[in-house]
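> Sharing a structure below in structure tokens format, with a few things to ask.
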Amino acid sequence: MTSTQPSSIETREVKKKEINERSFIRKLLKNRIAAFGLFVTIFMTIIAILAPLIATHSPNEMDITHSLLGAGVDGHLLGTDNYGRDLFSRIVYGARISLIVGVSAVVFGAVFGTFLGLIAGYFGGKLDSLIMRTMDGLFAFPFILLAITLMTVLGQGLVNVIIAIGVANIPGFARIVRGQVLSVKEEEFIEVTRSLGATHGRILFQHVLPNCLAPLIVYGTMSIAGAIISEAALSFLGLGVQPPTASWGSILKDGKDFLVLNPQMATFSGLAILITVLGINLFGDGLRDALDPKMKV
Amino acid sequence: MGKYILKRLVDLLPTIFVVAIIVFVITRLIPGDPAAVMLGPQASVEDIQELRDDLGLNEPLHTQFFQYIGDLVQGDFGVSLTYNQPVISLIMDRFPNTLILAISALVIALLIGIPAGIISASKQNSVMDYTVMVISLIGVSIPIFWLGVMLVLYFSVNLGWFPATGMGTMDEGFITYIKHLVLPSITLATIPMATFARITRSSMLEVISQDYIKTARAKGIKEFFVIGKHAFKNALTPILTVLGMQVSALLGGAVLTETIFSWPGMGRLIVDAIDKRDFVVVQGTVLFIAIIFVLVNLLIDVLYKIVNPRVNYSSGKGGTGK
């Protein structure tokens with residue numbers, strides 16, 4: 001009898017979890033605006049993945065004799081840039097850079113930030129003070145300025161952009177997780193787990209962390225939008241990925257210099273950023289409402 | 001109140017110290033030689049060594065650190081290699097210009113964002129509410145460096161209404177001065193404006209549903225006063241929190257806005273310094289902006305205390321005592 005009890009509790013827990021998941025997905029998809037945001041995000045992700053199939057030309061193929069062509073001229077859907085490269089293809093390939101940087105930088109920030117937040121909140125005391133003072137210090141830098149400073153030292157390049165934006169993301173995650181840990185660690189089940197002899201690592205990663213996931217997912221989703229804008233901003237300032245790699249920010253940077261001759265360069269690259277970020281934000285808003293309504297990012 | 005401000009100032013000192021350490025660590029410990037970065041790939045080993053000597057980079061790390069902190073305490077942010085001037089004097093030349101831009105943007109953001117949020121909340125689920133929410137969602141998602149370029153395209157290039165670049169002077173006349181300010185301020189104001197509208201709406205909706213608002217309405221107080229006096233006052237605390245965060249957005253956004261409009265502020269100074277690889281200027285300006293941000297947040301904390309005297313910081317950092 002006693003041996004069947006835990007498994008029946010486990011089955012009940014799994015069922016409860018499944019019901020919760022189903023009601024969460026239903027709640028999320030019922031929110032039409034969030035569903036639209038999800039659709040836009042998936043659409044942009046598909047464009048990024050299938051870029052070689054969607055692009056009509058090679059994104060880096062130059063043809064100076066056909067530079068700054070208007071939309072639709074010579075088979076160039078959106079025209080060409082100042083080097084005669086096909087603008088549509090560059091924007092399509094730019095989606096890859098934006099999404100790679102957006103997701104990777106947030107994962108980077110989330111991994112380090114979560115770890116720091118977990119140990120700061122769980123162990124408290126001097127370790128907490130040391131970590132959170134450092135996070136306060138990092139928070140004192142406007143996000144983009146911190147990324148700019150890091151890029152100035154690290155130099156241009158895709159990996160460096162990810163590191164710079166990732167580091168700037170760490171304090172946000174650390175604060176969110178620490179706040180959650182402070183409330184979770186006082187719960188009775190943590191006391192019980194501890195009294196059963198569980199190690200700190202087990203308590204932290206098997207019991208505390210899963211209870212921090214809802215706000216983490218919401219914050220992480222919204223941070224991807226911020227990371228995409230930051231990557232574009234760094235490229236716009238000439239600090240992002242190295243040329244000739246197509247990035248929305250660098251296309252916009254070039255477009256700014258040819259605003260009168262070829263306004264579509266600046267217009268479409270910026271629209272691509274706006275649509276992607278708007279989609280992620282709409283989805284993030286919906287996620288927040290479904291997962292963590294109390295949270296206000 | 002004086003005692004409170006003093007206490008908060010003392011509390012800020014460790015944060016400012018940490019900020020200084022972070023800048024030091026970034027410039028000294030990250031792989032890559034600042035001297036090599038500053039001189040570029042063409043530089044000879046001798047030139048790099050000479051610059052390392054000038055910048056004190058060959059000293060032991062702890063000596064460098066104490067020298068750096070000692071200089072900072074005396075207000076010495078180093079000497080720019082390209083301008084051949086103390087960094088602090090470069091900052092002081094440009095800081096007022098950034099301040100003018102940031103304050104204009106903040107005023108626009110507050111004057112439009114807060115009323116939009118109030119109207120949206122008081123007419124929840126109306127066409128007006130949806131319009132404000134859609135516009136504000138686009139506002140928080142828009143890359144301001146793109147918006148700035150688009151404003152230049154339409155209002156400067158196509159319509160010729162406003163100058164595309166530069167900062168006017170009062171000598172050229174007040175109207176010219178304001179004309180130079182319009183596009184950069186709108187660009188910089190967009191994200192804070194949208195954020196204020198969103199937070200004001202959600203904060204007002206929370207307050208409006210409370211009993212004392214229903215009581216005020218039942219007593220026959222005019223809706224204008226119920227919303228404007230009773231509800232708004234209590235919805236102000238979250239708005240102040242966001243105000244503090246938006247200062248960071250304004251200071252960061254100024255870098256991009258000033259680049260687009262060639263506005264001679266601190267943001268432009270940083271970008272020029274990056275182009276010229278003048279690392280001392282980048283380091284000094286970033287540190288200065290971070291300290292300003294910390295001090296502005298102190299000001300916000302004091303405002304909290306004025307708006308809500310129940311605020312109590314003794315139990316933790318920030319937030320209200322509720």
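Starting from 1 in every chain, residues are counted up; chains themselves are A, B, ... following the order of the structure tokens, and ligands are numbered from 1 as listed.
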Fewer than 2 positions away in the same chain doesn't count, so skip those; otherwise give me all residues within 12 Å of Val107 of chain B, counting only C-alpha atoms, as a ChimeraX atom specification.

/B:99-105,109-114,185-186,188-190,192-193,196,243,247,250

> Neighbours of segment 17-27 of chain B within 10 Å (only C-alpha atoms; same-chain residues fewer than 3 positions away dropped), as a VMD selection string?

(chain A and resid 130 133 to 141 146 149 to 150 152 to 154) or (chain B and resid 12 to 14 30 to 34 64 to 65 68 to 69 72 279 to 280 283 to 284 286 to 288 290 to 291 294)

> Counting only C-alpha atoms, which of A:Thr56, A:Asn31, A:Gln156, A:Gln242 gets nearest to chain B?

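Selected residue with least distance to chain B: A:Gln156.
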
> Contacts of Val45 of chain B at 12 Å or less, counting only C-alpha atoms, minus same-chain residues fewer than 5 places along, as a list in words?

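Listing them by chain and then by number gives Asp33, Ala35, Ala36, Leu39, Gly40, Glu50, Leu51 and Arg52 of chain B.
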
> Could you list, as a list in words, every residue of chain A that has an atom within 6 Å of an atom of chain B, counting only C-alpha atoms?

Gly137, Ala140, Phe141, Pro142, Ile144, Leu145, Gly270, Leu274, Val277 and Leu278 of chain A

> List every residue of segment 196-246 of chain A that DSSP, applied to the backbone, labels as alpha helix (DSSP H), and write the result as a list of chain:residue names.

A:His200, A:Gly201, A:Arg202, A:Leu213, A:Ala214, A:Pro215, A:Leu216, A:Ile217, A:Val218, A:Tyr219, A:Gly220, A:Thr221, A:Met222, A:Ser223, A:Ile224, A:Ala225, A:Gly226, A:Ala227, A:Ile228, A:Ile229, A:Ser230, A:Glu231, A:Ala232, A:Ala233, A:Leu234, A:Ser235, A:Phe236

> Using only C-alpha atoms, which of B:Ala235, B:Lys305, B:His62, B:Leu298 sits nearest Gly117 of chain B?

B:Ala235

> Using only C-alpha atoms, which of the listed residues (A:Val159, A:Leu38, A:Leu259, A:Ala174) sits closest to Val111 of chain A?

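Smallest separation from Val111 of chain A among the options: A:Ala174.
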
> Between atom CA of Tyr154 of chain B and atom CA of Val260 of chain A, what is the distance in Å, rounded to a tenth?

10.3 Å

> Which residues are close to Leu158 of chain A, i.e. within 9 Å by only C-alpha atoms, leaving aside same-chain residues fewer than 5 positions away? Reply as a list of chain:residue names.

A:Ile97, A:Val101, A:Ile163, A:Gly240, A:Val241, A:Gln242

> Tell me, as a VMD selection string, which residues lie within 10 Å of segment 61-68 of chain A, counting only C-alpha atoms; anything in the same chain fewer than 3 positions away does not count.

chain A and resid 57 to 58 71 73 to 74 79 to 87 90 244 255 258 261 to 265

> Would you mind listing what lies within 12 Å of Phe189 of chain A as a list in words, with only C-alpha atoms counted and same-chain residues fewer than 4 positions away left out?

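In the requested format, the answer is Val184, Lys185, Thr193, Arg194, Ser195, Leu196, Ala198, Ile203, Gln206, His207, Val208 and Asn211 of chain A.
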
> I need the chosen residues saved as an mmCIF file, in the first residue's frame, with N, CA and C atoms.


data_model
loop_
_atom_site.group_PDB
_atom_site.id
_atom_site.type_symbol
_atom_site.label_atom_id
_atom_site.label_comp_id
_atom_site.auth_asym_id
_atom_site.auth_seq_id
_atom_site.Cartn_x
_atom_site.Cartn_y
_atom_site.Cartn_z
ATOM 1 N N VAL A 184 10.574 31.616 -2.671
ATOM 2 C CA VAL A 184 10.453 30.153 -2.774
ATOM 3 C C VAL A 184 11.170 29.450 -1.626
ATOM 4 N N LYS A 185 12.339 29.984 -1.237
ATOM 5 C CA LYS A 185 13.136 29.247 -0.233
ATOM 6 C C LYS A 185 12.468 29.201 1.146
ATOM 7 N N THR A 193 12.520 19.160 2.012
ATOM 8 C CA THR A 193 13.594 18.594 1.185
ATOM 9 C C THR A 193 14.930 18.692 1.915
ATOM 10 N N ARG A 194 15.132 19.841 2.560
ATOM 11 C CA ARG A 194 16.392 20.059 3.267
ATOM 12 C C ARG A 194 16.524 19.065 4.424
ATOM 13 N N SER A 195 15.417 18.878 5.162
ATOM 14 C CA SER A 195 15.480 17.979 6.316
ATOM 15 C C SER A 195 15.675 16.525 5.888
ATOM 16 N N LEU A 196 15.313 16.228 4.634
ATOM 17 C CA LEU A 196 15.534 14.866 4.121
ATOM 18 C C LEU A 196 16.981 14.661 3.668
ATOM 19 N N ALA A 198 18.759 16.646 1.370
ATOM 20 C CA ALA A 198 19.125 17.020 -0.004
ATOM 21 C C ALA A 198 20.272 18.037 0.013
ATOM 22 N N ILE A 203 18.670 21.051 -4.107
ATOM 23 C CA ILE A 203 17.562 21.948 -3.730
ATOM 24 C C ILE A 203 17.443 23.083 -4.746
ATOM 25 N N GLN A 206 16.780 21.450 -8.567
ATOM 26 C CA GLN A 206 15.615 20.584 -8.778
ATOM 27 C C GLN A 206 14.338 21.146 -8.164
ATOM 28 N N HIS A 207 14.483 22.005 -7.164
ATOM 29 C CA HIS A 207 13.271 22.489 -6.489
ATOM 30 C C HIS A 207 13.067 23.998 -6.603
ATOM 31 N N VAL A 208 14.152 24.757 -6.423
ATOM 32 C CA VAL A 208 13.989 26.218 -6.456
ATOM 33 C C VAL A 208 13.878 26.715 -7.902
ATOM 34 N N ASN A 211 10.643 26.621 -9.886
ATOM 35 C CA ASN A 211 9.643 27.579 -9.419
ATOM 36 C C ASN A 211 9.940 29.009 -9.859
#

> Write out as a PyMOL selection string which residues come within 8 Å of Phe261 of chain B when counting only C-alpha atoms, dropping same-chain ones fewer than 5 positions away.

chain B and resi 148+164-166+184

> Once you have the residues from the selection above, write them out as a compact mmCIF listing (two decimals), in the first residue's frame, restricted to C-alpha atoms.


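Generated file (result.txt):
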# COMPACT_ATOMS: atom_id res chain seq x y z
CA GLY B 148 15.03 59.32 -36.20
CA ALA B 164 18.15 67.43 -40.33
CA THR B 165 21.23 67.88 -38.17
CA GLY B 166 22.97 70.11 -35.66
CA PRO B 184 15.74 64.79 -31.85

> For atom CA of Ile119 of chain B and atom CA of Met204 of chain B, quote the distance in Å rounded to one decimal.

9.6 Å

> Taking into account only C-alpha atoms, which residue in the set A:Ala95, A:Leu69, A:Leu213, A:Leu28 is nearest to Leu50 of chain A?

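Comparing A:Ala95, A:Leu69, A:Leu213, A:Leu28 against Leu50 of chain A, the winner is A:Ala95.
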
> May I ask which of the residues B:Leu269, B:Val226, B:Val207, B:Ile108 is the closest one to Val182 of chain B, counting only C-alpha atoms?

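Checking each of B:Leu269, B:Val226, B:Val207, B:Ile108 against Val182 of chain B, counting only C-alpha atoms, the winner is B:Ile108.
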